[in-house]
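Structure, as structure tokens:
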Amino acid sequence: MRKIFFFLLLTSIGYNSCTDTLKEPTGTLEIIFKARYNSGPLVLFQSDSTGQNDPITIMFKKLDFFISDLKGNQDGTLKDFADVGYISMSNSLDSSSSEQGISLLINELPVGSFDRLDMGIGLSDAVNSTTPGSYPSSSPLGLNSNYWPMTDSYILCKMEGDINQSNSTTTGFLYHGGVNGMYQQRSFNHSFDISENATTTIVLYLQAEELFFKTGSEIDMINDSQTHSGQIGSTEYNLAKTAMENLSNSLYIQQ
Amino acid sequence: MKQKIAIITFILFISIMSCQENITTPDNCNDMSSEPYNPTAYTETPPDGFPAMEHPDDNPITVEGIELGRHLFYDPILSRDSTISCSSCHELNKAFTDGLALAKGIDNLTSRRSSMSLINIGYSWIKNRPYNFMWDGRFQSLEEQIIKGPIEDPFEMDNTWEKVESDLQEHPDYPLMFRKAFGIDCKEDINRDHVSKAISQFERTLNSANSKYDQHQWVPFVYMSAEELRGLTLFLGDAAGSPSTKDAECAHCHSFSQNKALFARNEFSNNGLDSVNNLNDFIDLGYGAITGNISENGQFKEVTLRNIALTAPYMHDGRFATLEEAVDHYTSGGKSSPNVASELTTAPTITNLSASDKADLIAFLHALTDSSYFNKPEWSSPF
């Protein structure tokens with residue numbers, strides 16, 4: 001299982017200030033992201049039937065996205081958990097790895113009881129105004145592959161693959177959500193405790209079929225097969241925004 | 001029984017002896033500890049458009065390390081018959097490539113792949129990623145590339161590390177250079193780690209970005225020509241903002257940002273060179289052979305397009321002799337296989353480029369050539 005490293009900038013600043021007094025007890029939160037397709041694990045490079053007239057099948061090749069501003073609600077106060085993480089489903093090449101999911105460990109969290117987990121999908125406009133040159137290569141923000149100079153934006157999500165149509169043609173799809181205004185925020189009502197020197201696990205499911213085929217927010221994958229976001233208000237922009245919204249709404253917390 | 005005890009006492013005796021000897025000078029030490037060891041820390045000023053260079057924590061760059069590394073890079077002593085050096089396949093004024101489709105090593109043997117540019121090579125290191133260097137990414141670090149790469153490769157230098165180490169230990173000049181760079185006490189301490197660290201340090205100084213593109217960005221009143229600018233727009237494709245009727249879309253993979261202008265994403269992908277139905281049918285499995293994931297078969301490193309006009313022939317097997325051929329490959333739509341990169345399968349207008357569009361694109365690629373470093377003494381052979 002791949003461990004994703006986090007910037008604990010905010011939390012570590014918070015903690016540095018009290019290190020010269022007593023060290024507060026801390027615990028670890030593990031968030032596991034599991035991509036699913038209908039009721040089974042989502043396996044990259046494997047076709048799934050869409051249940052639609054067209055396209056008939058879909059094969060994902062890439063499903064990656066930024067998350068940011070993770071916070072926990074404790075007695076009405078929001079505690080900062082982590083700034084930025086990058087979730088890549090690239091390990092989901094067979095059902096068992098997909099079933100295991102992608103684990104994200106956030107260390108040194110304040111102990112206590114929480115009743116809500118807040119998370120941004122994508123990057124806030126403020127973080128999005130920075131550039132890869134300002135970060136080390138060990139950070140997802142430090143990689144050119146996650147950045148688009150033309151729109152001065154990180155690529156907030158990447159959904160790529162192929163679809164098969166009823167006329168038996170295979171075509172690619174690529175939805176890259178970038179640029180400001182696409183940041184999505186989710187609050188998951190969920191009770192959990194962070195305990196001293198222990199790891200608490202939360203599982204988030206990503207229902208991949210809902211990215212394109214959920215009634216009311218469908219994407220016409222045949223006619224609108226790709227977007228690199230583009231200028232605010234353009235067709236490309238609106239398509240990317242729908243993709244980002246669908247991504248955000250496709251996340252479910254395991255109760 | 002008696003014999004055993006005798007042997008044990010003998011061993012004890014020897015070890016006591018050698019312990020004592022260590023305090024002074026062991027027999028097997030050609031001592032250099034009286035020679036000075038004052039390494040000078042080296043700080044590289046990155047070219048405009050580049051962030052600070054990152055390097056592994058256990059190999060800080062020093063002036064003495066770089067100098068040793070430069071000697072080793074140009075010295076055929078590393079090869080079995082002293083005919084091949086790193087520079088045989090990585091020539092300075094060809095952006096450290098060799099002008100051949102497939103590299104040529106010892107005894108005129110042909111390697112299976114094409115040589116790769118080393119300009120700005122330190123920037124293709126992504127710290128926490130296991131696969132960074134070579135067309136197939138098989139080495140994590142520059143240090144690992146040197147230890148496990150060319151020296152013992154039967155098609156390249158066909159040497160053994162044991163021989164390299166003893167040749168260097170017995171050399172009239174090298175031991176002192178190793179002392180100055182790494183502070184070793186005995187000539188016999190010279191080992192492959194020192195060799196790989198020194199060459200890597202030298203490689204991390206090979207940074208230059210002074211092409212017309214760079215000058216356009218950073219030097220007042222220097223501009224690319226209209227042709228080159230049109231080429232840039234095609235290169236960016238609809239990454240430029242609005243979809244157009246013709247896009248080359250190169251920048252998705254050969255990507256750059258203002259302060260990290262690498263012209264490489266340094267990921268691995270299949271850019272449609274070969275037509276296969278089954279992912280196991282690629283002649284060269286590339287990245288997939290290293291990761292063990294079939295879906296990554298036929299993927300290769302998305303290399304930089306900086307200095308691309310200096311590094312013909314092109315691709316991992318040198319199949320394209322000219323930039324024109326390489327561009328034609330993309331603008332013809334490429335060949336199909338199950339894992340062709342989505343950036344290419346969803347580029348519907350890439351095939352609309354006219355002859356003059358292609359000329360513009362190629363003009364832009366030429367604007368990425370930096371000849372300002374040619375024959376730079378610090379990067380040239382010390383011999």
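Letters for chains follow the order of the structure tokens (A, B, ...), residue numbers begin at 1 for each chain, and ligand numbers begin at 1 in the order shown.
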For this session: May I have the residues within 12 Å of B:Asn278 as a PyMOL selection string, using only C-alpha atoms and disregarding those fewer than 2 positions away in the same chain?
Result: chain B and resi 274-276+280-283+285+294-295+297-298+336-339
Exercise. Can you tell me, as an NGL selection string, what residues are no more than 12 Å from stretch 211-214 of chain B when counting only C-alpha atoms, ignoring any on the same chain fewer than 5 positions away?
Worked result: :B and (47-50 or 219-225 or 228-229 or 231-232 or 256-263 or 305-309 or 363-373)
Interface rows for chain B against chain A: nearest pair, Å to one decimal, 10 Å, only C-alpha atoms, as a tab-separated table:
residue	atom	partner	partner_atom	distance
B:Gly49	CA	A:Gly133	CA	8.3
B:Phe50	CA	A:Gly133	CA	6.9
B:Pro51	CA	A:Gly133	CA	5.2
B:Ala52	CA	A:Gly133	CA	8.4
B:Met53	CA	A:Pro136	CA	9.4
B:Glu54	CA	A:Pro136	CA	7.7
B:Tyr123	CA	A:Ser137	CA	9.1
B:Ser124	CA	A:Ser137	CA	9.4
B:Trp125	CA	A:Ser137	CA	7.8
B:Ile126	CA	A:Ser137	CA	5.2
B:Lys127	CA	A:Ser138	CA	5.3
B:Asn128	CA	A:Ser138	CA	5.5
B:Arg129	CA	A:Ser138	CA	8.0
B:Leu236	CA	A:Met150	CA	7.7
B:Gly237	CA	A:Met150	CA	9.7
B:Asp238	CA	A:His228	CA	7.1
B:Ala239	CA	A:Met150	CA	6.0
B:Ala240	CA	A:Met150	CA	5.1
B:Gly241	CA	A:Gly230	CA	4.2
B:Ser242	CA	A:Gly230	CA	5.7
B:Pro243	CA	A:Gly230	CA	7.9
B:Ala251	CA	A:Trp148	CA	8.8
B:His252	CA	A:Ser145	CA	7.9
B:Cys253	CA	A:Ser145	CA	7.4
B:His254	CA	A:Ser145	CA	9.0
B:Ser255	CA	A:Asn144	CA	6.4
B:Phe256	CA	A:Asn144	CA	6.2
B:Ser257	CA	A:Pro149	CA	5.0
B:Gln258	CA	A:Pro149	CA	6.9
B:Asn259	CA	A:Gly133	CA	4.9
B:Lys260	CA	A:Gly133	CA	5.1
B:Ala261	CA	A:Asn144	CA	8.6
B:Leu262	CA	A:Asn144	CA	8.2
B:Phe263	CA	A:Asn144	CA	8.9
B:Ala264	CA	A:Asn144	CA	7.8
B:Arg265	CA	A:Ser145	CA	4.9
B:Asn266	CA	A:Ser145	CA	7.7
B:Glu267	CA	A:Ser145	CA	7.5
B:Asn293	CA	A:Leu93	CA	7.7
B:Ile294	CA	A:Leu93	CA	9.0
B:Ser295	CA	A:Phe45	CA	6.9
B:Pro338	CA	A:Phe45	CA	8.5
B:Asn339	CA	A:Lys61	CA	7.9
B:Val340	CA	A:Gly172	CA	9.4
B:Ala341	CA	A:Gly161	CA	8.7
B:Ser342	CA	A:Gly172	CA	6.1
B:Glu343	CA	A:Leu174	CA	7.2
B:Leu344	CA	A:Gly172	CA	8.6
B:Thr345	CA	A:Gly172	CA	5.3
B:Thr346	CA	A:Gly172	CA	5.4
B:Ala347	CA	A:Gln226	CA	8.5
B:Pro348	CA	A:Gln226	CA	9.7
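Going from atom CA of A:Pro140 to atom CA of A:Tyr86 covers 6.2 Å.
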For this session: Go through A:Glu218, A:Asp83, A:Asp75, A:Glu210 and flag the residue nearest A:Met119, using only C-alpha atoms for the distances.
Result: A:Asp83
For this session: List every residue of stretch 76-111 of chain A that DSSP, applied to the backbone of this structure, places in alpha helix (DSSP H), and write the result as number ranges by chain.
Result: A: 95-100
How would the residues just chosen look if you wrote them out with all heavy atoms as a PDB file, in the first residue's frame?
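out-v2.pdb was written with the following content:
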ATOM      1  N   SER A  95      -7.554  -6.149  -8.638  1.00  0.00           N
ATOM      2  CA  SER A  95      -8.595  -5.868  -7.644  1.00  0.00           C
ATOM      3  C   SER A  95      -8.065  -5.830  -6.229  1.00  0.00           C
ATOM      4  O   SER A  95      -8.528  -5.032  -5.432  1.00  0.00           O
ATOM      5  CB  SER A  95      -9.774  -6.833  -7.719  1.00  0.00           C
ATOM      6  OG  SER A  95      -9.539  -7.853  -8.579  1.00  0.00           O
ATOM      7  N   SER A  96      -7.052  -6.656  -5.913  1.00  0.00           N
ATOM      8  CA  SER A  96      -6.658  -6.643  -4.508  1.00  0.00           C
ATOM      9  C   SER A  96      -5.937  -5.344  -4.155  1.00  0.00           C
ATOM     10  O   SER A  96      -6.163  -4.794  -3.078  1.00  0.00           O
ATOM     11  CB  SER A  96      -5.838  -7.881  -4.141  1.00  0.00           C
ATOM     12  OG  SER A  96      -4.573  -7.802  -4.706  1.00  0.00           O
ATOM     13  N   SER A  97      -5.095  -4.812  -5.041  1.00  0.00           N
ATOM     14  CA  SER A  97      -4.464  -3.520  -4.700  1.00  0.00           C
ATOM     15  C   SER A  97      -5.506  -2.417  -4.662  1.00  0.00           C
ATOM     16  O   SER A  97      -5.430  -1.510  -3.839  1.00  0.00           O
ATOM     17  CB  SER A  97      -3.388  -3.107  -5.702  1.00  0.00           C
ATOM     18  OG  SER A  97      -2.857  -4.175  -6.362  1.00  0.00           O
ATOM     19  N   SER A  98      -6.477  -2.505  -5.572  1.00  0.00           N
ATOM     20  CA  SER A  98      -7.512  -1.484  -5.571  1.00  0.00           C
ATOM     21  C   SER A  98      -8.319  -1.562  -4.277  1.00  0.00           C
ATOM     22  O   SER A  98      -8.665  -0.552  -3.681  1.00  0.00           O
ATOM     23  CB  SER A  98      -8.410  -1.671  -6.784  1.00  0.00           C
ATOM     24  OG  SER A  98      -9.466  -0.771  -6.744  1.00  0.00           O
ATOM     25  N   GLU A  99      -8.592  -2.792  -3.858  1.00  0.00           N
ATOM     26  CA  GLU A  99      -9.337  -3.023  -2.621  1.00  0.00           C
ATOM     27  C   GLU A  99      -8.583  -2.457  -1.420  1.00  0.00           C
ATOM     28  O   GLU A  99      -9.180  -1.917  -0.494  1.00  0.00           O
ATOM     29  CB  GLU A  99      -9.526  -4.533  -2.465  1.00  0.00           C
ATOM     30  CG  GLU A  99     -10.582  -4.962  -1.477  1.00  0.00           C
ATOM     31  CD  GLU A  99     -11.985  -4.614  -1.955  1.00  0.00           C
ATOM     32  OE1 GLU A  99     -12.489  -5.248  -2.904  1.00  0.00           O
ATOM     33  OE2 GLU A  99     -12.554  -3.679  -1.366  1.00  0.00           O
ATOM     34  N   GLN A 100      -7.254  -2.570  -1.442  1.00  0.00           N
ATOM     35  CA  GLN A 100      -6.443  -2.028  -0.342  1.00  0.00           C
ATOM     36  C   GLN A 100      -6.516  -0.517  -0.306  1.00  0.00           C
ATOM     37  O   GLN A 100      -6.481   0.086   0.754  1.00  0.00           O
ATOM     38  CB  GLN A 100      -4.978  -2.413  -0.548  1.00  0.00           C
ATOM     39  CG  GLN A 100      -4.641  -3.782  -0.039  1.00  0.00           C
ATOM     40  CD  GLN A 100      -3.133  -3.992  -0.047  1.00  0.00           C
ATOM     41  OE1 GLN A 100      -2.395  -3.282  -0.728  1.00  0.00           O
ATOM     42  NE2 GLN A 100      -2.693  -4.967   0.698  1.00  0.00           N
TER      43      GLN A 100
END
Exercise. How many Å separate atom CA of A:Ser68 from atom CA of A:Gly120?
Worked result: 4.8 Å
Exercise. With only C-alpha atoms as the atoms that count, which of B:Asp75, B:Glu324, B:Asp31, B:Glu162 lies nearest to B:Pro175?
Worked result: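 For B:Pro175, the nearest of the given residues is B:Asp31.
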Exercise. Out of stretch 9-181 of chain A, which residues get strand (DSSP E or B) from DSSP, as a VMD selection string?
Worked result: chain A and resid 26 to 37 40 to 41 47 to 49 57 to 74 77 to 88 102 to 110 112 to 121 147 to 148 153 to 154 157 to 164 170 to 177
Problem set entry | Contacts of stretch 79-90 of chain B within 10 Å, only C-alpha atoms, excl. fewer than 6 positions in-chain, as an MDAnalysis selection string | chainID B and resid 70 72:73 96:100 102:107 114:118 146 150:154 156:161 163:164 199 380:381
For this session: Skip A:Ile121 itself and residues of its chain fewer than 3 positions away, then list as JSON, numbers by chain all residues within 8 Å of it, counting only C-alpha atoms.
Result: {"A": [65, 66, 67, 68, 156, 183, 184, 185, 186, 244, 247, 248]}
Exercise. Excluding same-chain residues fewer than 5 positions from B:Ser166, what lies within 12 Å of it counting only C-alpha atoms, as a list in words?
Worked result: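 The neighbour list is Ile77, Leu78, Asn159, Thr160, Trp161, His171, Tyr174, Pro175, Lys187, Glu188, Asp189, Ile190, Asn191 and Arg192 of chain B.
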For this session: Mind checking which residues fall within 7 Å of A:Gly72, counting only C-alpha atoms, ignoring those fewer than 2 positions away in the same chain, and posting them as a list of chain:residue names?
Result: A:Gln74, A:Leu78, A:Lys79, A:Asp80, A:Phe81, A:Phe114, A:Arg116, A:Leu117, A:Asp118
Problem set entry | For B:His329: contacts at 9 Å, only C-alpha atoms, fewer than 6 positions along chain excluded, given as an NGL selection string | :B and (272-273 or 320 or 335)
